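As structure tokens, the structure follows; a few thoughts come after it.
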Amino acid sequence: MSNETSVIFPDDFIWGAATAAYQIEGSRTVDGGGECLWDEFARQGGTLNCDSGEIAADHYNRYPEDHALASNLGLQSFRMSISWPRISPDGSAVLNKAGFDHYDRVLDSLAENNLTPMITLYHWDLPLALQHKGGWLNRDTAYRFADYAAAVTQHFAGRVPFWITTNEPWSCAFLGYARGLHAPGVRDYNAAGIVAHNLNLAHGLAVPAIRASDGEASVGVAHCLQVIEPFSDHPKDVEAAQTVSGEANGLFLEPTLQGSYPQHMFPYLPCLEDPAIVREGDLECISAPIDFLGLNYYVHEVVRFDRTIPVTGACRMAPLGPLTTIGSGLRPDGLEKILLMPLRDYGCRLPVYVTEVGYLFNDYVNPNGRVNDCARIKYYNEAFRAAARSMEKGVDLRGIYVWTLLDDFEWDSGYSSRYGIVFVEYGSQKRIPKDSAYWLREVIGRNGLT
Ligand code: IFM
């Protein structure tokens, strides 16, 4: 399939772009929609400059234009999420018809533009009312999620070939509850473990609910796997790296694929041995068979032991290798490693989609009116080659979704981070395809790289 210079992907390979409701839609509470925990977190100053998703890229109103743009760029599939508080404004069983109507129109527009929908049911916009009842620390939230998943998939049955239950439970749990960077801004490692379990449970409860509603659709989950290397072969560094990898990878892959939690994490996360948290039957539920694995790739880091770090003693070091303009490490080759991880560690032969891959750069419109993001093109070129190498090694990779179509609200960093292949001039909401968008159109056109 590939040699040093050219790579051709299989004929039925899917090229898509991924997005998330809260990050692009705006119009949060119109048509009866409710607030989510990020609205409150932003008001409380948890995000840069108190930025929020209030307006974002105004995709709620501009989706026809955005779908046409995606289609003109050659994209074949559009990964989006449904906003839980638009469907269930207060998280209860009282559902908002206008929310369903909106997404009916969105699905019509995707069909008109020949874009296959891949829909995520939970991309971090928990209804605020549920957050006030304890959020993901409250086990009941997993059951509320399963009810919402059932209602949504019943309504849209037959129109959506791919359902994803939850997106990156690691980020919700550990960025939101251990590092305090994401909503709701808590710093408590064991609490993050409880949240991780409740999110895993939410996934497990939703799988049969989706199957009962929409028997034809494929059901999966999107995990954000991380390449973690020890700083040295000193046993303390090796253990620290294993702990971080256990937190980011094992805590999610192992219950999904094998029905257990990694035992080496128990000393750091006592909740995993607490029968009130991990109840009888939970792990069977979480390991319900799925049809595909979605993998998101961003993190490739080196970890060393540092006794001053609470609980784990594991310190994520400054990134190695070339840095982006904002100082993050660029390691496109790591995509091959995370794609191989489920196969290597669990013998998993499920179809896999790269449900997100992308990077943030300091993009700007130059005096010619262009956004010359050659660093992003280089990144994607190398990442796609890494994906192709994983296929040669046995991974059943079916498609790649770039993160993301439009510049968007990037959570704690607000509007300061630009990940899109299309530049959004937020004041005017003008869309300007970046050079990477035109490059990607050529890659899709020839279904490969030269
Ligand atoms: O913007 C996020 C997305 O919501 C989840 N994956 C990582 C992206 C980049 O930070």
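Lettering and numbering for the structure tokens are positional, with chains as A, B, ... in the shown order, residues counted from 1 in each chain, and ligands counted from 1 in the shown order.
Residues in contact with Glu356 in chain A at up to 7 Å, not including ones fewer than 3 positions away on its chain and judged by only C-alpha atoms, are Ala18, Leu295, Asn296, Tyr297, Tyr401, Val402 and Trp403 of chain A.
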Range 100-115 of chain A: which residues within 6 Å, counting only C-alpha atoms, same-chain residues fewer than 3 positions away excluded, as a list of chain:residue names?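 Contacts, with the query itself left out: A:Ser71, A:Gln76, A:Ser77, A:Phe78, A:Lys97.
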Restricted to all heavy atoms, what would the selected residues look like written as a PDB file, in the first residue's frame?
```pdb
ATOM      1  N   SER A  71     -18.356  19.637   1.825  1.00  0.00           N
ATOM      2  CA  SER A  71     -18.548  18.801   0.643  1.00  0.00           C
ATOM      3  C   SER A  71     -17.658  19.286  -0.501  1.00  0.00           C
ATOM      4  O   SER A  71     -17.021  18.485  -1.199  1.00  0.00           O
ATOM      5  CB  SER A  71     -20.033  18.866   0.290  1.00  0.00           C
ATOM      6  OG  SER A  71     -20.293  18.071  -0.791  1.00  0.00           O
ATOM      7  N   GLN A  76     -16.129  13.316   2.847  1.00  0.00           N
ATOM      8  CA  GLN A  76     -17.190  12.338   2.592  1.00  0.00           C
ATOM      9  C   GLN A  76     -18.069  12.111   3.808  1.00  0.00           C
ATOM     10  O   GLN A  76     -19.175  11.608   3.696  1.00  0.00           O
ATOM     11  CB  GLN A  76     -16.541  10.998   2.191  1.00  0.00           C
ATOM     12  CG  GLN A  76     -15.704  11.127   0.942  1.00  0.00           C
ATOM     13  CD  GLN A  76     -14.575  10.111   0.891  1.00  0.00           C
ATOM     14  OE1 GLN A  76     -14.260   9.463   1.894  1.00  0.00           O
ATOM     15  NE2 GLN A  76     -13.958   9.972  -0.267  1.00  0.00           N
ATOM     16  N   SER A  77     -17.540  12.449   4.968  1.00  0.00           N
ATOM     17  CA  SER A  77     -18.281  12.196   6.201  1.00  0.00           C
ATOM     18  C   SER A  77     -18.089  13.365   7.161  1.00  0.00           C
ATOM     19  O   SER A  77     -17.064  14.056   7.123  1.00  0.00           O
ATOM     20  CB  SER A  77     -17.794  10.884   6.834  1.00  0.00           C
ATOM     21  OG  SER A  77     -18.495  10.613   8.022  1.00  0.00           O
ATOM     22  N   PHE A  78     -19.087  13.583   8.000  1.00  0.00           N
ATOM     23  CA  PHE A  78     -19.058  14.694   8.947  1.00  0.00           C
ATOM     24  C   PHE A  78     -19.339  14.146  10.330  1.00  0.00           C
ATOM     25  O   PHE A  78     -20.401  13.569  10.564  1.00  0.00           O
ATOM     26  CB  PHE A  78     -20.137  15.711   8.548  1.00  0.00           C
ATOM     27  CG  PHE A  78     -20.054  17.029   9.258  1.00  0.00           C
ATOM     28  CD1 PHE A  78     -19.090  17.964   8.912  1.00  0.00           C
ATOM     29  CD2 PHE A  78     -20.957  17.349  10.272  1.00  0.00           C
ATOM     30  CE1 PHE A  78     -19.021  19.198   9.559  1.00  0.00           C
ATOM     31  CE2 PHE A  78     -20.885  18.573  10.924  1.00  0.00           C
ATOM     32  CZ  PHE A  78     -19.920  19.494  10.556  1.00  0.00           C
ATOM     33  N   LYS A  97     -38.901  19.236  21.693  1.00  0.00           N
ATOM     34  CA  LYS A  97     -39.174  18.903  20.291  1.00  0.00           C
ATOM     35  C   LYS A  97     -38.346  19.779  19.336  1.00  0.00           C
ATOM     36  O   LYS A  97     -37.838  19.298  18.311  1.00  0.00           O
ATOM     37  CB  LYS A  97     -40.678  19.078  20.017  1.00  0.00           C
ATOM     38  CG  LYS A  97     -41.032  18.754  18.579  1.00  0.00           C
ATOM     39  CD  LYS A  97     -42.527  18.810  18.334  1.00  0.00           C
ATOM     40  CE  LYS A  97     -42.852  18.528  16.870  1.00  0.00           C
ATOM     41  NZ  LYS A  97     -42.173  19.391  15.917  1.00  0.00           N
TER      42      LYS A  97
END
```
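Around range 341-351 of chain A, within 8 Å and counting only C-alpha atoms, the residues found are Leu253, Glu254, Leu257, Gln258, Asp291, Phe292, Leu293, Lys337, Ile338, Val395, Asp396, Leu397 and Arg398 of chain A, once anything fewer than 3 positions away on its own chain is removed.
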Identify, on the basis of only C-alpha atoms, every residue whose closest approach to Thr19 in chain A does not exceed 10 Å; exclude the query and any residue fewer than 5 positions from it along the same chain; express the result as number ranges by chain. A: 24-25, 78-81, 119-120, 123, 355-356, 401-408, 420
List every residue of range 228-266 of chain A that DSSP, applied to the backbone of this structure, places in alpha helix (DSSP H), and write the result as a list in words.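 In range 228-266 of chain A, DSSP puts these residues in alpha helix (DSSP H): Pro235, Lys236, Asp237, Val238, Glu239, Ala240, Ala241, Gln242, Thr243, Val244, Ser245, Leu251, Phe252, Leu253, Glu254, Pro255, Thr256, Leu257 and Gln258 of chain A.
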Just how far from CA of Leu130 in chain A is CA of Asn249 in chain A, in Å to one decimal?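 According to the coordinates, CA of Asn249 in chain A and CA of Leu130 in chain A are separated by 27.0 Å.
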Which residues are near range 380-387 of chain A? Cut-off 8 Å, only C-alpha atoms, ignore same chain within fewer than 2 positions. Put them as a CSV table (one decimal) with C-alpha atoms, in the first residue's frame.
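Saved as result_24.csv:
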```csv
chain,number,residue,atom,x,y,z
A,7,VAL,CA,0.6,5.9,0.0
A,332,PRO,CA,2.6,12.8,14.1
A,333,ASP,CA,4.4,9.4,14.2
A,334,GLY,CA,2.7,8.7,17.5
A,335,LEU,CA,-0.5,8.1,15.6
A,336,GLU,CA,0.9,4.7,14.4
A,339,LEU,CA,-3.5,2.7,16.4
A,358,GLY,CA,-5.1,17.6,14.3
A,376,ARG,CA,-0.4,21.7,9.6
A,377,ILE,CA,0.0,20.2,6.1
A,378,LYS,CA,3.3,18.7,7.1
A,389,ARG,CA,1.9,2.0,8.4
A,390,SER,CA,-0.5,0.8,11.2
A,391,MET,CA,-2.7,-0.8,8.4
A,397,LEU,CA,-8.4,1.2,9.9
A,449,LEU,CA,-0.3,10.8,-0.6
```
Report, in Å to a single decimal, how far apart CA of His197 in chain A and CA of Thr243 in chain A are.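 A separation of 16.9 Å between them.
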For His223 in chain A, work out the shell of residues within 7 Å, counting only C-alpha atoms and skipping chain neighbours fewer than 2 positions away, then give it as number ranges by chain. A: 167-169, 221, 225, 294-296
How would the residues just chosen look if you wrote them out with N, CA and C atoms as a PDB file, in the first residue's frame?
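Printed below is result01.pdb as written:
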```pdb
ATOM      1  N   ASN A 167     -17.231  10.868  23.930  1.00  0.00           N
ATOM      2  CA  ASN A 167     -15.964  11.304  23.366  1.00  0.00           C
ATOM      3  C   ASN A 167     -14.939  11.556  24.464  1.00  0.00           C
ATOM      4  N   GLU A 168     -13.814  10.891  24.386  1.00  0.00           N
ATOM      5  CA  GLU A 168     -12.675  11.130  25.284  1.00  0.00           C
ATOM      6  C   GLU A 168     -13.069  11.192  26.756  1.00  0.00           C
ATOM      7  N   PRO A 169     -13.572  10.083  27.300  1.00  0.00           N
ATOM      8  CA  PRO A 169     -13.870  10.130  28.741  1.00  0.00           C
ATOM      9  C   PRO A 169     -12.641  10.502  29.576  1.00  0.00           C
ATOM     10  N   VAL A 221     -17.131   3.952  20.474  1.00  0.00           N
ATOM     11  CA  VAL A 221     -16.770   4.933  21.497  1.00  0.00           C
ATOM     12  C   VAL A 221     -15.480   5.598  21.012  1.00  0.00           C
ATOM     13  N   LEU A 225      -6.231   8.121  23.069  1.00  0.00           N
ATOM     14  CA  LEU A 225      -5.086   7.345  23.559  1.00  0.00           C
ATOM     15  C   LEU A 225      -3.811   8.186  23.519  1.00  0.00           C
ATOM     16  N   GLY A 294     -13.258   4.242  18.050  1.00  0.00           N
ATOM     17  CA  GLY A 294     -12.802   5.542  17.563  1.00  0.00           C
ATOM     18  C   GLY A 294     -11.585   5.941  18.380  1.00  0.00           C
ATOM     19  N   LEU A 295     -10.526   6.357  17.717  1.00  0.00           N
ATOM     20  CA  LEU A 295      -9.318   6.770  18.447  1.00  0.00           C
ATOM     21  C   LEU A 295      -8.949   8.200  18.063  1.00  0.00           C
ATOM     22  N   ASN A 296      -8.734   9.021  19.094  1.00  0.00           N
ATOM     23  CA  ASN A 296      -8.318  10.412  18.889  1.00  0.00           C
ATOM     24  C   ASN A 296      -6.849  10.509  19.275  1.00  0.00           C
TER      25      ASN A 296
END
```
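Residue nearest ligand 1, chosen from A:Ala276, A:Tyr122, A:Gly99, A:Phe145 and counting only C-alpha atoms and all ligand atoms: A:Tyr122.
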Residue neighbourhood Cys36 in chain A, 6 Å, only C-alpha atoms, exclusion window fewer than 2 positions, as number ranges by chain: A: 38-39, 125-128
One decimal, in Å: what's the spacing between CA of Glu284 in chain A and CA of Leu205 in chain A?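 CA of Glu284 in chain A sits 10.3 Å away from CA of Leu205 in chain A.
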